[in-house]
Structures are given as C-alpha cells and as structure tokens.
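Shown here: run.tsv, TSV, C-alpha atoms and all ligand atoms.
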```
chain	number	residue	atom	x	y	z
A	1	MET	CA	39.04	110.88	190.40
A	2	ASN	CA	42.76	111.47	190.09
A	3	ARG	CA	45.24	108.95	191.47
A	4	ARG	CA	45.98	109.09	195.23
A	5	LEU	CA	49.41	108.39	196.66
A	6	ASN	CA	49.54	105.49	199.15
A	7	ILE	CA	51.66	106.61	202.08
A	8	GLY	CA	52.98	104.86	205.20
A	9	ILE	CA	53.83	106.90	208.30
A	10	ILE	CA	56.68	105.83	210.59
A	11	GLY	CA	56.49	107.54	213.99
A	12	ALA	CA	53.26	108.77	215.57
A	13	GLY	CA	54.64	111.37	217.99
A	14	ARG	CA	54.24	115.14	217.86
A	15	ILE	CA	55.20	115.68	214.22
A	16	GLY	CA	53.90	112.32	212.96
A	17	LYS	CA	50.46	113.33	214.18
A	18	VAL	CA	50.69	116.72	212.41
A	19	HIS	CA	51.58	115.06	209.09
A	20	ALA	CA	48.98	112.30	209.51
A	21	GLU	CA	46.28	114.92	210.05
A	22	THR	CA	47.44	116.84	206.97
A	23	LEU	CA	47.32	113.73	204.78
A	24	ALA	CA	43.95	112.67	206.16
A	25	PHE	CA	42.12	115.99	206.30
A	26	ARG	CA	43.86	118.45	203.96
A	27	LEU	CA	45.23	116.55	200.95
A	28	PRO	CA	42.71	114.65	198.84
A	29	GLU	CA	45.56	113.43	196.61
A	30	ALA	CA	47.12	111.54	199.56
A	31	ASN	CA	46.02	108.25	201.06
A	32	PRO	CA	47.56	107.62	204.51
A	33	ALA	CA	47.28	103.84	204.39
A	34	MET	CA	49.45	102.56	207.26
A	35	ILE	CA	51.14	103.87	210.39
A	36	ALA	CA	53.70	102.34	212.78
A	37	ASP	CA	55.29	103.38	216.05
A	38	VAL	CA	57.41	101.46	218.54
A	39	ASN	CA	54.71	102.59	220.94
A	40	PRO	CA	51.69	100.79	219.41
A	41	GLU	CA	49.24	102.86	221.44
A	42	ALA	CA	50.56	106.07	219.83
A	43	ALA	CA	50.09	104.57	216.36
A	44	ARG	CA	46.60	103.28	217.20
A	45	SER	CA	45.51	106.63	218.57
A	46	VAL	CA	46.64	108.58	215.48
A	47	ALA	CA	45.17	105.90	213.17
A	48	GLU	CA	41.82	106.15	214.88
A	49	ARG	CA	41.80	109.95	214.82
A	50	CYS	CA	42.82	110.16	211.15
A	51	GLY	CA	40.93	107.13	209.81
A	52	ILE	CA	44.15	105.33	208.81
A	53	PRO	CA	43.02	101.76	208.06
A	54	ARG	CA	46.13	99.79	209.12
A	55	VAL	CA	48.39	99.95	212.17
A	56	ALA	CA	51.62	98.12	211.30
A	57	ALA	CA	53.64	96.22	213.88
A	58	ASP	CA	56.80	98.07	212.84
A	59	ALA	CA	58.44	100.07	210.06
A	60	ALA	CA	59.48	96.84	208.30
A	61	GLU	CA	55.84	95.88	207.77
A	62	ILE	CA	55.23	99.22	206.02
A	63	LEU	CA	58.38	98.92	203.91
A	64	SER	CA	57.57	95.39	202.76
A	65	ASP	CA	54.04	96.26	201.63
A	66	PRO	CA	54.03	96.66	197.84
A	67	SER	CA	50.98	98.94	197.89
A	68	ILE	CA	52.89	101.63	199.83
A	69	GLU	CA	54.59	104.05	197.42
A	70	ALA	CA	56.02	106.60	199.83
A	71	VAL	CA	56.89	106.85	203.52
A	72	LEU	CA	57.08	109.69	206.01
A	73	ILE	CA	59.90	109.20	208.52
A	74	CYS	CA	58.66	111.03	211.61
A	75	SER	CA	60.40	108.94	214.28
A	76	SER	CA	63.19	110.15	216.57
A	77	THR	CA	66.26	111.57	214.84
A	78	ASP	CA	68.52	108.62	215.75
A	79	THR	CA	66.34	106.33	213.58
A	80	HIS	CA	66.28	108.48	210.42
A	81	ALA	CA	69.44	107.35	208.61
A	82	LYS	CA	68.76	103.63	209.06
A	83	LEU	CA	65.13	104.01	207.99
A	84	ILE	CA	66.15	106.05	204.92
A	85	VAL	CA	68.49	103.24	203.84
A	86	GLU	CA	65.80	100.59	204.39
A	87	ALA	CA	63.08	102.63	202.67
A	88	ALA	CA	65.33	103.33	199.69
A	89	ARG	CA	66.18	99.63	199.36
A	90	ALA	CA	62.45	98.89	199.43
A	91	GLY	CA	61.96	101.37	196.56
A	92	LYS	CA	59.80	103.80	198.54
A	93	HIS	CA	59.89	107.56	198.03
A	94	ILE	CA	60.88	109.27	201.26
A	95	PHE	CA	59.88	112.31	203.25
A	96	CYS	CA	62.18	112.55	206.28
A	97	GLU	CA	61.96	114.96	209.17
A	98	LYS	CA	64.91	117.20	210.05
A	99	PRO	CA	67.66	116.70	210.95
A	100	VAL	CA	68.57	113.74	208.73
A	101	ASP	CA	71.09	112.66	211.39
A	102	HIS	CA	73.74	114.18	213.65
A	103	SER	CA	76.58	112.33	211.87
A	104	LEU	CA	77.72	113.32	208.39
A	105	ALA	CA	79.00	109.79	207.76
A	106	ARG	CA	75.54	108.34	208.41
A	107	ILE	CA	73.89	111.09	206.32
A	108	ASP	CA	76.21	110.32	203.40
A	109	GLU	CA	75.46	106.61	203.69
A	110	ALA	CA	71.71	107.30	203.70
A	111	LEU	CA	71.85	109.71	200.75
A	112	ALA	CA	74.01	107.28	198.79
A	113	ALA	CA	71.32	104.60	199.28
A	114	VAL	CA	68.70	107.06	198.00
A	115	GLU	CA	70.85	107.85	194.97
A	116	ARG	CA	71.40	104.15	194.20
A	117	ALA	CA	67.70	103.33	194.49
A	118	GLY	CA	66.63	106.31	192.37
A	119	VAL	CA	63.83	107.20	194.78
A	120	LYS	CA	62.85	110.74	195.74
A	121	ILE	CA	63.67	112.29	199.09
A	122	GLN	CA	62.39	115.47	200.69
A	123	ILE	CA	63.65	116.79	204.03
A	124	GLY	CA	61.25	118.44	206.49
A	125	PHE	CA	62.37	122.06	206.34
A	126	ASN	CA	58.80	123.28	206.50
A	127	ARG	CA	59.62	126.96	207.07
A	128	ARG	CA	60.53	127.32	203.38
A	129	PHE	CA	56.81	126.83	202.72
A	130	ASP	CA	55.69	129.59	205.09
A	131	ALA	CA	54.03	132.33	203.02
A	132	ASN	CA	56.05	135.12	204.71
A	133	PHE	CA	59.46	133.55	204.17
A	134	ALA	CA	58.51	132.43	200.64
A	135	ARG	CA	57.73	136.09	199.84
A	136	VAL	CA	61.15	137.18	201.15
A	137	ARG	CA	62.83	134.52	199.02
A	138	ALA	CA	60.82	135.69	195.98
A	139	ALA	CA	61.95	139.31	196.52
A	140	VAL	CA	65.58	138.20	196.64
A	141	ALA	CA	65.26	135.84	193.68
A	142	ASN	CA	63.38	138.26	191.40
A	143	GLY	CA	65.65	141.22	192.10
A	144	GLU	CA	62.93	143.30	193.78
A	145	ILE	CA	65.36	144.53	196.49
A	146	GLY	CA	68.37	144.60	194.18
A	147	THR	CA	71.54	142.73	195.10
A	148	PRO	CA	71.22	141.23	198.60
A	149	GLN	CA	73.79	142.49	201.10
A	150	LEU	CA	72.62	141.55	204.61
A	151	VAL	CA	70.25	138.93	206.04
A	152	HIS	CA	69.05	138.86	209.65
A	153	ILE	CA	67.16	135.94	211.13
A	154	ILE	CA	65.61	136.20	214.58
A	155	SER	CA	64.50	132.82	215.88
A	156	ARG	CA	63.57	132.54	219.53
A	157	ASP	CA	61.52	129.82	221.20
A	158	PRO	CA	58.93	130.69	223.85
A	159	ALA	CA	60.43	128.28	226.42
A	160	PRO	CA	63.26	125.78	226.53
A	161	PRO	CA	62.57	122.06	226.15
A	162	PRO	CA	63.07	119.73	229.14
A	163	VAL	CA	66.73	119.00	229.92
A	164	SER	CA	66.09	115.30	229.15
A	165	TYR	CA	65.27	116.42	225.58
A	166	VAL	CA	68.29	118.75	225.40
A	167	LYS	CA	70.57	115.82	226.25
A	168	MET	CA	69.47	113.71	223.26
A	169	SER	CA	68.76	116.59	220.85
A	170	GLY	CA	72.33	116.99	219.59
A	171	GLY	CA	72.38	120.50	221.06
A	172	MET	CA	70.73	123.78	220.10
A	173	PHE	CA	72.60	124.22	216.80
A	174	LEU	CA	71.57	120.78	215.46
A	175	ASP	CA	68.07	120.81	216.91
A	176	MET	CA	66.82	124.40	216.73
A	177	THR	CA	69.24	126.56	214.71
A	178	ILE	CA	69.17	123.87	211.99
A	179	HIS	CA	65.94	125.49	210.70
A	180	ASP	CA	67.66	128.90	210.61
A	181	PHE	CA	70.71	127.54	208.80
A	182	ASP	CA	68.34	126.15	206.17
A	183	MET	CA	66.43	129.46	206.07
A	184	ALA	CA	69.66	131.39	205.50
A	185	ARG	CA	70.62	129.23	202.48
A	186	PHE	CA	67.04	129.30	201.19
A	187	LEU	CA	66.58	133.09	201.42
A	188	ILE	CA	69.92	134.03	199.90
A	189	GLY	CA	70.25	131.17	197.40
A	190	SER	CA	73.97	130.87	198.09
A	191	GLU	CA	76.10	128.59	200.24
A	192	VAL	CA	77.70	129.77	203.47
A	193	ASP	CA	81.51	129.50	203.59
A	194	GLU	CA	82.29	130.65	207.12
A	195	ILE	CA	80.54	130.75	210.48
A	196	TYR	CA	81.28	132.45	213.77
A	197	ALA	CA	79.12	131.57	216.76
A	198	ALA	CA	79.08	133.62	219.95
A	199	ALA	CA	76.99	131.52	222.32
A	200	GLY	CA	76.34	130.99	225.99
A	201	VAL	CA	73.91	129.98	228.69
A	202	ARG	CA	71.61	132.89	229.57
A	203	VAL	CA	68.33	131.04	230.17
A	204	ASP	CA	68.79	127.87	232.20
A	205	PRO	CA	71.99	126.69	233.95
A	206	GLU	CA	70.70	123.10	233.67
A	207	ILE	CA	71.07	123.41	229.89
A	208	GLY	CA	74.67	124.45	230.43
A	209	ALA	CA	75.20	121.54	232.83
A	210	ALA	CA	73.95	119.24	230.03
A	211	GLY	CA	76.73	120.60	227.80
A	212	ASP	CA	74.55	122.81	225.60
A	213	VAL	CA	73.95	126.53	225.03
A	214	ASP	CA	70.61	128.36	225.00
A	215	THR	CA	71.51	131.78	223.55
A	216	ALA	CA	73.55	132.63	220.44
A	217	VAL	CA	74.37	135.12	217.74
A	218	ILE	CA	75.81	133.42	214.68
A	219	THR	CA	77.54	135.31	211.90
A	220	LEU	CA	77.41	133.85	208.39
A	221	LEU	CA	79.65	134.75	205.45
A	222	PHE	CA	78.02	133.64	202.20
A	223	ARG	CA	79.92	132.66	199.06
A	224	ASN	CA	78.14	135.43	197.10
A	225	GLY	CA	79.35	138.07	199.57
A	226	VAL	CA	76.16	138.44	201.63
A	227	ILE	CA	76.71	138.77	205.39
A	228	GLY	CA	74.14	137.28	207.76
A	229	THR	CA	73.23	136.90	211.40
A	230	ILE	CA	71.09	134.39	213.25
A	231	ASP	CA	69.85	135.46	216.69
A	232	ASN	CA	68.68	132.50	218.81
A	233	SER	CA	67.22	132.18	222.27
A	234	ARG	CA	65.52	129.21	223.88
A	235	LYS	CA	63.27	131.60	225.80
A	236	ALA	CA	61.42	134.74	224.70
A	237	VAL	CA	58.88	135.47	227.42
A	238	TYR	CA	56.44	137.08	224.94
A	239	GLY	CA	56.21	133.93	222.79
A	240	TYR	CA	57.59	132.48	219.57
A	241	ASP	CA	59.66	135.16	217.81
A	242	GLN	CA	60.29	134.39	214.13
A	243	ARG	CA	61.36	137.33	211.98
A	244	VAL	CA	63.66	137.92	209.02
A	245	GLU	CA	64.99	140.90	207.11
A	246	VAL	CA	67.05	141.06	203.94
A	247	LEU	CA	68.72	144.32	202.90
A	248	GLY	CA	69.61	144.75	199.25
A	249	SER	CA	71.00	147.46	197.00
A	250	ALA	CA	67.47	148.54	195.96
A	251	GLY	CA	65.65	148.16	199.28
A	252	SER	CA	64.83	145.73	202.04
A	253	ILE	CA	62.15	143.17	202.81
A	254	ALA	CA	61.14	142.17	206.32
A	255	THR	CA	58.57	139.86	207.89
A	256	GLY	CA	57.25	140.10	211.42
A	257	ASN	CA	55.53	137.66	213.74
A	258	CYS	CA	52.11	136.11	213.18
A	259	TYR	CA	49.24	136.79	215.55
A	260	ALA	CA	46.02	135.02	216.43
A	261	ASN	CA	44.22	138.32	215.84
A	262	GLN	CA	45.00	141.73	214.41
A	263	ALA	CA	43.37	143.77	217.19
A	264	ILE	CA	45.19	146.78	218.64
A	265	VAL	CA	43.98	147.90	222.08
A	266	SER	CA	44.42	151.63	222.75
A	267	THR	CA	43.81	153.04	226.23
A	268	ALA	CA	44.89	156.08	228.23
A	269	GLU	CA	47.88	154.09	229.45
A	270	SER	CA	49.15	152.25	226.39
A	271	VAL	CA	48.64	150.91	222.91
A	272	HIS	CA	49.13	147.16	222.81
A	273	ARG	CA	48.17	143.89	221.19
A	274	ASP	CA	47.95	140.22	222.12
A	275	LEU	CA	51.01	137.99	222.04
A	276	PRO	CA	52.19	136.25	218.84
A	277	LEU	CA	51.19	132.68	218.04
A	278	ASN	CA	52.90	130.68	220.72
A	279	PHE	CA	54.94	127.92	219.08
A	280	PHE	CA	55.65	126.04	215.87
A	281	MET	CA	52.46	123.99	215.85
A	282	ASP	CA	50.43	127.21	215.64
A	283	ARG	CA	52.85	129.48	213.79
A	284	TYR	CA	53.75	127.05	211.02
A	285	THR	CA	50.49	125.12	210.58
A	286	GLU	CA	50.02	126.05	206.94
A	287	SER	CA	53.68	125.46	206.06
A	288	PHE	CA	53.36	121.84	207.22
A	289	VAL	CA	50.44	121.39	204.83
A	290	ALA	CA	52.27	123.10	201.96
A	291	GLU	CA	55.44	121.02	202.39
A	292	MET	CA	53.41	117.80	202.42
A	293	LYS	CA	51.50	118.86	199.30
A	294	ALA	CA	54.81	119.63	197.59
A	295	PHE	CA	56.09	116.13	198.43
A	296	VAL	CA	52.95	114.33	197.31
A	297	ASP	CA	52.79	116.36	194.07
A	298	ALA	CA	56.49	115.74	193.35
A	299	VAL	CA	55.94	111.97	193.61
A	300	LEU	CA	52.64	111.88	191.72
A	301	GLU	CA	53.90	114.12	188.93
A	302	ASP	CA	57.44	112.65	188.93
A	303	ARG	CA	59.11	116.01	189.54
A	304	PRO	CA	62.15	116.79	191.75
A	305	THR	CA	61.33	117.46	195.39
A	306	PRO	CA	61.80	121.08	196.52
A	307	VAL	CA	64.01	120.26	199.55
A	308	THR	CA	66.64	117.70	198.57
A	309	GLY	CA	68.93	115.36	200.49
A	310	ALA	CA	71.74	117.85	199.88
A	311	ASP	CA	69.54	120.53	201.47
A	312	GLY	CA	69.24	118.21	204.46
A	313	ARG	CA	73.00	117.70	204.75
A	314	CYS	CA	74.17	121.33	204.48
A	315	PRO	CA	72.55	122.69	207.65
A	316	VAL	CA	74.09	119.79	209.61
A	317	VAL	CA	77.52	120.87	208.34
A	318	MET	CA	76.66	124.43	209.38
A	319	ALA	CA	75.56	123.27	212.85
A	320	LEU	CA	78.79	121.31	213.34
A	321	ALA	CA	80.78	124.36	212.24
A	322	ALA	CA	78.85	126.57	214.67
A	323	ARG	CA	79.57	124.19	217.54
A	324	LYS	CA	83.27	124.10	216.63
A	325	SER	CA	83.34	127.90	216.38
A	326	TYR	CA	81.73	128.23	219.81
A	327	GLU	CA	84.10	125.69	221.38
A	328	GLU	CA	87.25	127.16	219.80
A	329	ARG	CA	86.11	130.82	219.93
A	330	ARG	CA	87.02	131.53	216.31
A	331	PRO	CA	85.45	131.71	212.82
A	332	VAL	CA	85.23	128.27	211.20
A	333	ARG	CA	85.17	127.59	207.47
A	334	LEU	CA	82.72	124.88	206.48
A	335	GLU	CA	85.36	122.81	204.71
A	336	GLU	CA	87.04	122.34	208.11
A	337	VAL	CA	84.01	120.29	209.13
A	338	ALA	CA	83.19	118.45	205.91
A	339	ALA	CA	84.05	118.18	202.26
A	340	PRO	CA	81.22	119.59	200.13
A	341	ALA	CA	80.43	116.12	198.68
A	342	VAL	CA	76.73	115.62	198.24
A	343	ALA	CA	74.39	113.33	196.38
A	344	ALA	CA	70.61	112.90	196.28
A	401	LIG	N1	59.93	120.19	211.14
A	401	LIG	C1	59.67	120.53	212.38
A	401	LIG	O1	59.35	121.68	212.69
A	401	LIG	C2	59.76	119.47	213.46
A	401	LIG	C3	59.04	119.65	214.64
A	401	LIG	C4	59.10	118.66	215.62
A	401	LIG	C5	59.90	117.54	215.42
A	401	LIG	N2	60.62	117.41	214.27
A	401	LIG	C6	61.48	116.23	214.05
A	401	LIG	O2	60.65	115.09	213.95
A	401	LIG	C7	61.25	113.97	214.58
A	401	LIG	C8	60.30	113.44	215.67
A	401	LIG	O3	60.10	114.47	216.63
A	401	LIG	P1	58.80	114.50	217.57
A	401	LIG	O4	58.83	115.82	218.24
A	401	LIG	O5	57.58	114.10	216.81
A	401	LIG	O6	59.20	113.36	218.62
A	401	LIG	P2	58.24	112.45	219.49
A	401	LIG	O7	59.12	111.86	220.54
A	401	LIG	O8	56.99	113.17	219.88
A	401	LIG	O9	57.80	111.29	218.46
A	401	LIG	C9	58.69	110.35	217.94
A	401	LIG	C10	57.90	109.05	217.81
A	401	LIG	O10	58.72	108.11	217.09
A	401	LIG	C11	58.52	106.84	217.68
A	401	LIG	N3	59.64	105.97	217.28
A	401	LIG	C12	60.91	105.97	217.74
A	401	LIG	N4	61.63	105.04	217.08
A	401	LIG	C13	60.79	104.46	216.17
A	401	LIG	C14	60.96	103.46	215.18
A	401	LIG	N5	62.13	102.84	214.99
A	401	LIG	N6	59.88	103.11	214.44
A	401	LIG	C15	58.68	103.70	214.63
A	401	LIG	N7	58.47	104.67	215.56
A	401	LIG	C16	59.52	105.05	216.30
A	401	LIG	C17	58.41	107.13	219.18
A	401	LIG	O11	57.80	106.07	219.90
A	401	LIG	C18	57.58	108.42	219.17
A	401	LIG	O12	56.19	108.15	219.23
A	401	LIG	C19	62.59	114.46	215.13
A	401	LIG	O13	63.59	114.14	214.20
A	401	LIG	C20	62.42	115.97	215.21
A	401	LIG	O14	63.64	116.68	215.05
A	401	LIG	C21	60.54	118.35	213.29
```

Would it be possible to restate this file's structure as structure tokens?
Amino acid sequence: MNRRLNIGIIGAGRIGKVHAETLAFRLPEANPAMIADVNPEAARSVAERCGIPRVAADAAEILSDPSIEAVLICSSTDTHAKLIVEAARAGKHIFCEKPVDHSLARIDEALAAVERAGVKIQIGFNRRFDANFARVRAAVANGEIGTPQLVHIISRDPAPPPVSYVKMSGGMFLDMTIHDFDMARFLIGSEVDEIYAAAGVRVDPEIGAAGDVDTAVITLLFRNGVIGTIDNSRKAVYGYDQRVEVLGSAGSIATGNCYANQAIVSTAESVHRDLPLNFFMDRYTESFVAEMKAFVDAVLEDRPTPVTGADGRCPVVMALAARKSYEERRPVRLEEVAAPAVAA
C-alpha cells in the first residue's frame, strides 16, 4: 500500500469535525493520528466517531510528536497565527482554516515563520475546489469566454449568526466576504487594486449595535481591467444563495445554486422547485474533501499547495479595505491598507 500521511488535528469544533471525517472516511492516503481541543470532550467525541487513536492534551503534544508530519489548524481564528508559528518551528506542514488572522502584522509574522521553516502551508479557501466554481475558473483561464470583462458574485447566507459570534468574528467582511474576495481573485486570476463597499444593516439591528453590517454591495477594480461586484446578505429567506457569473468578450459563464433534488413541480397555480441546499456544510461538502485531498497530495508528492499563504493574506487586505471604504464612504486602494509584501 502507498504511504499514508500522519496528520494531527487542532480544534474539534464545526470545521474540525468536517475535516476529521474527510480524513477518516474519504481519503485512504491520510491517517488522522491525533486530535486536540481545549475542550477535551469535543476532541474525544470526534476521535471516537472517526476512529482517531490518540486524543492529545493540547496542540503542543501534537506538535512535539515526531510521527506527525502535518497539522490541520481548525481552532478559533484568534489562535491561528500563533499555532502556525509553533507548527512551522516544529517542522510540520500546515493546513490552516480561513482567515489566517485579522491582523496583517500577525499574518506576516506567521508566514515568515513558514518561509523560514520551509514547510508547506495551505489556507482553507474550500470554494476554489467546488466543481461549479472550478469550471468558471477554467473557462476564464482557457479563453473559452474570451477576455474577461465583468465578474459578479452573489453570496448570501440563509440566516445571520448569533450576535455573540458577530462580536468576535472580525465583522462580515473578514468572516463571510473573505470567501468572496478569494473567489474574485481565483476566478479572474488577477489582483484587485481598488474596492468600494456600500454596506448597511438591513437584516438585524443587533448586528448594527455590535458595530457590524449585514448587507453589502462591493465593487472591485482588478489590475487587469476587469470590474467586479460582490453582493452579500446575512439573510436570504430561501436559503444559501451562491452564484457567480463572468462576462467575457466571447461569451459568459454562470453557475447557479445547488439543490438536494432536481424535481420541478408543475400545477395549475405555479411551477416551482424545492429550496437550495441550506448552508455551507451541505452546499460545499465535496469541496471540503477536494481541498483536503489537494493538501495531502501536495505534501506526499512534495508539490506546491494550491492555496498559498499569500492567497490567505490577500483577502484579509481586501476585507480591511472594504471596511475602510464603508467607514469613509469612498473607494479605497489596497495599498492604503497594506504594502503588497508577501512570502510563503
Ligand atoms: N472554510 C470554511 O468554510 C469554514 C467554515 C467554518 C469555520 N471556518 C473557520 O474555522 C475556524 C473554526 O471555526 P468553527 O466554526 O469550527 O468554530 P468552533 O467554535 O465550532 O470550533 C473551534 C474549536 O476550536 C477549539 N479551540 C479553541 N482554541 C484552541 C486551541 N488553542 N487549541 C485547540 N483547540 C482550540 C474550541 O474549543 C472549539 O472546539 C475559524 O477560523 C473559522 O473561520 C471555516
């Protein structure tokens, strides 16, 4: 049998459980060997469910174990940068959930540690691995729709998170739109130079009271001339709404929502169908598997990871620019927020 990659999982919450299940049940080339969580019960429960043989007392126990070759950082965002530095020092390859951090200084410190250690890092922008979005990217990259001119991303959640979550999330741009900022760069294959965010509170006044927004249209000016929009809402009553369209000189390509079934019900009153898949756990199931396979393969075959540390940093710059644009009611160039210095 081919070699299996020994992996330690740090964080056994919502996303840690998704990745643990992928490693255990979908990827024969992966061996989830240890798991840790500051809540030991959470780690024990996932270990039991996924047949992970060791529950570690903490992340340090995973990082000091020489048999562990790679780690998944699935803990809360405020722990990512520190754990990246520690994992890099321990010589472990790293998969880290998005966002890397809310602070560019801490991101740069973490990516510098990765660079120094020469380990691999992949950031958890799973939507790149969704078959629909990958097809749109392919059409742009292979010239099928000619020269891209416009990109539109619609990204609406079915319901807002609790206000307690909003308060520690870094705000909608860093928590939710971050995926769309990454999608914009991924689809067009060019950097964004300028952002204008028109945003407000149209869903829940409590979100506004917590200092955040829940509704936005964000305009993107790309370096290659493409113009883009991101349309965000924290609440679409019909479910998770995830669509993109790119218009090019030779045509357009668009993807719609995904449904649990394809049935169309026609009656004397209406023609209708069931609602789209409700949220990210259902809508992006296969993309979580594909991103994990890409990480494991990159380590086993010693190839570059498909979503780099630089890819993790850029959307944070874009989110900070969007926030500044919203607060100052003007277009913001990305260099106002950060120099384009990137490593890893
Ligand atoms: N890619 C995606 O679509 C996606 C989806 C959900 C969450 N996320 C990201 O994943 C991260 C976790 O989110 P979640 O929804 O799973 O949160 P969660 O609160 O459900 O889980 C986080 C877990 O980390 C544990 N933890 C905190 N500090 C720790 C530490 N120092 N060591 C070990 N365990 C620690 C907590 O006890 C908790 O069990 C966040 O950064 C979030 O942005 C990404």

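Considering only C-alpha atoms and all ligand atoms, the residues that reside within 6 Å of ligand LIG 401 (chain A) can be listed as Ile10, Gly11, Ala12, Gly13, Arg14, Ile15, Gly16, Ala36, Asp37, Val38, Asn39, Ala59, Cys74, Ser75, Ser76, Thr77, Thr79, Glu97, Lys98, Pro99, Gly124, Phe125 and Asn126 of chain A.
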
Residue subset to file, keeping C-alpha atoms, as a CSV table (one decimal), in the coordinates of the input:
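selection-v7.csv, written as the output of this step:
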```csv
chain,number,residue,atom,x,y,z
A,10,ILE,CA,56.7,105.8,210.6
A,11,GLY,CA,56.5,107.5,214.0
A,12,ALA,CA,53.3,108.8,215.6
A,13,GLY,CA,54.6,111.4,218.0
A,14,ARG,CA,54.2,115.1,217.9
A,15,ILE,CA,55.2,115.7,214.2
A,16,GLY,CA,53.9,112.3,213.0
A,36,ALA,CA,53.7,102.3,212.8
A,37,ASP,CA,55.3,103.4,216.0
A,38,VAL,CA,57.4,101.5,218.5
A,39,ASN,CA,54.7,102.6,220.9
A,59,ALA,CA,58.4,100.1,210.1
A,74,CYS,CA,58.7,111.0,211.6
A,75,SER,CA,60.4,108.9,214.3
A,76,SER,CA,63.2,110.2,216.6
A,77,THR,CA,66.3,111.6,214.8
A,79,THR,CA,66.3,106.3,213.6
A,97,GLU,CA,62.0,115.0,209.2
A,98,LYS,CA,64.9,117.2,210.0
A,99,PRO,CA,67.7,116.7,211.0
A,124,GLY,CA,61.2,118.4,206.5
A,125,PHE,CA,62.4,122.1,206.3
A,126,ASN,CA,58.8,123.3,206.5
```

Selected residue of minimal separation from Val213 of chain A among A:Ala47, A:Ala198, A:Met292, A:Leu275, counting only C-alpha atoms = A:Ala198

Using all atoms listed in the file, find each residue in segment 122-189 of chain A having at least one atom no more than 6 Å away from segment 230-253 of chain A; report its shortest atom-to-atom pair and that distance in Å (one decimal), rows by chain then rising number, as CSV.
```
residue,atom,partner,partner_atom,distance
A:Ile145,CA,A:Ala250,CA,4.6
A:Gly146,CA,A:Ala250,CA,4.4
A:Thr147,CA,A:Gly248,CA,5.0
A:Pro148,CA,A:Gly248,CA,3.9
A:Gln149,CA,A:Gly248,CA,5.1
A:Leu150,CA,A:Leu247,CA,5.1
A:Val151,CA,A:Val246,CA,4.4
A:His152,CA,A:Glu245,CA,5.2
A:Ile153,CA,A:Val244,CA,4.5
A:Ile154,CA,A:Asp231,CA,4.8
A:Ser155,CA,A:Gln242,CA,4.8
A:Arg156,CA,A:Ser233,CA,4.6
A:Asp157,CA,A:Arg234,CA,4.9
A:Pro158,CA,A:Gly239,CA,4.4
A:Ala159,CA,A:Lys235,CA,4.4
A:Pro160,CA,A:Arg234,CA,4.9
```

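Reported to one decimal place, the separation of atom CA of Arg313 of chain A from atom CA of Glu194 of chain A is 16.1 Å.
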
Would you list the residues near (84.5, 120.0, 209.5) (no more than 10 Å away, in the coordinates of the file, using only C-alpha atoms) as a ChimeraX atom specification?
-> /A:104,317-318,320-321,324,332-340

Tell me, as JSON, numbers by chain, which residues lie within 10 Å of Arg303 of chain A, counting all atoms listed in the file; anything in the same chain fewer than 4 positions away does not count.
-> {"A": [120, 294, 295, 297, 298, 299]}

Near Gly211 of chain A, counting only C-alpha atoms, which residues have an atom at most 12 Å away, once you skip same-chain residues fewer than 6 positions from it, shown as a count of residues only?
-> 15

Choose the residue, out of A:Ala139, A:Val71, A:Leu63, A:Ala33, that has the smallest atom-to-atom separation from Val296 of chain A; count all atoms listed in the file.
-> A:Val71

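Counting only C-alpha atoms, Glu109 of chain A has the following residues at most 12 Å away, ignoring those fewer than 2 positions along the same chain: His80, Ala81, Lys82, Leu83, Ile84, Val85, Glu86, Ala88, Val100, Asp101, Ser103, Leu104, Ala105, Arg106, Ile107, Leu111, Ala112, Ala113, Val114, Glu115, Arg116, Gly309, Arg313, Ala341, Val342, Ala343 and Ala344 of chain A.
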
Please save C-alpha atoms of the selected residues as an mmCIF file, in the frame of the given file.
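Saved to result-v7.cif:
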```cif
data_model
loop_
_atom_site.group_PDB
_atom_site.id
_atom_site.type_symbol
_atom_site.label_atom_id
_atom_site.label_comp_id
_atom_site.auth_asym_id
_atom_site.auth_seq_id
_atom_site.Cartn_x
_atom_site.Cartn_y
_atom_site.Cartn_z
ATOM 1 C CA HIS A 80 66.280 108.480 210.420
ATOM 2 C CA ALA A 81 69.440 107.350 208.610
ATOM 3 C CA LYS A 82 68.760 103.630 209.060
ATOM 4 C CA LEU A 83 65.130 104.010 207.990
ATOM 5 C CA ILE A 84 66.150 106.050 204.920
ATOM 6 C CA VAL A 85 68.490 103.240 203.840
ATOM 7 C CA GLU A 86 65.800 100.590 204.390
ATOM 8 C CA ALA A 88 65.330 103.330 199.690
ATOM 9 C CA VAL A 100 68.570 113.740 208.730
ATOM 10 C CA ASP A 101 71.090 112.660 211.390
ATOM 11 C CA SER A 103 76.580 112.330 211.870
ATOM 12 C CA LEU A 104 77.720 113.320 208.390
ATOM 13 C CA ALA A 105 79.000 109.790 207.760
ATOM 14 C CA ARG A 106 75.540 108.340 208.410
ATOM 15 C CA ILE A 107 73.890 111.090 206.320
ATOM 16 C CA LEU A 111 71.850 109.710 200.750
ATOM 17 C CA ALA A 112 74.010 107.280 198.790
ATOM 18 C CA ALA A 113 71.320 104.600 199.280
ATOM 19 C CA VAL A 114 68.700 107.060 198.000
ATOM 20 C CA GLU A 115 70.850 107.850 194.970
ATOM 21 C CA ARG A 116 71.400 104.150 194.200
ATOM 22 C CA GLY A 309 68.930 115.360 200.490
ATOM 23 C CA ARG A 313 73.000 117.700 204.750
ATOM 24 C CA ALA A 341 80.430 116.120 198.680
ATOM 25 C CA VAL A 342 76.730 115.620 198.240
ATOM 26 C CA ALA A 343 74.390 113.330 196.380
ATOM 27 C CA ALA A 344 70.610 112.900 196.280
#
```

Can you pull out every residue within 12 Å of Phe133 of chain A, counting all atoms listed in the file, but drop anything in the same chain fewer than 3 positions away, and send it as a PyMOL selection string?
-> chain A and resi 126-130+136-140+153+180+182-184+186-188+242-246+253-258+284+287
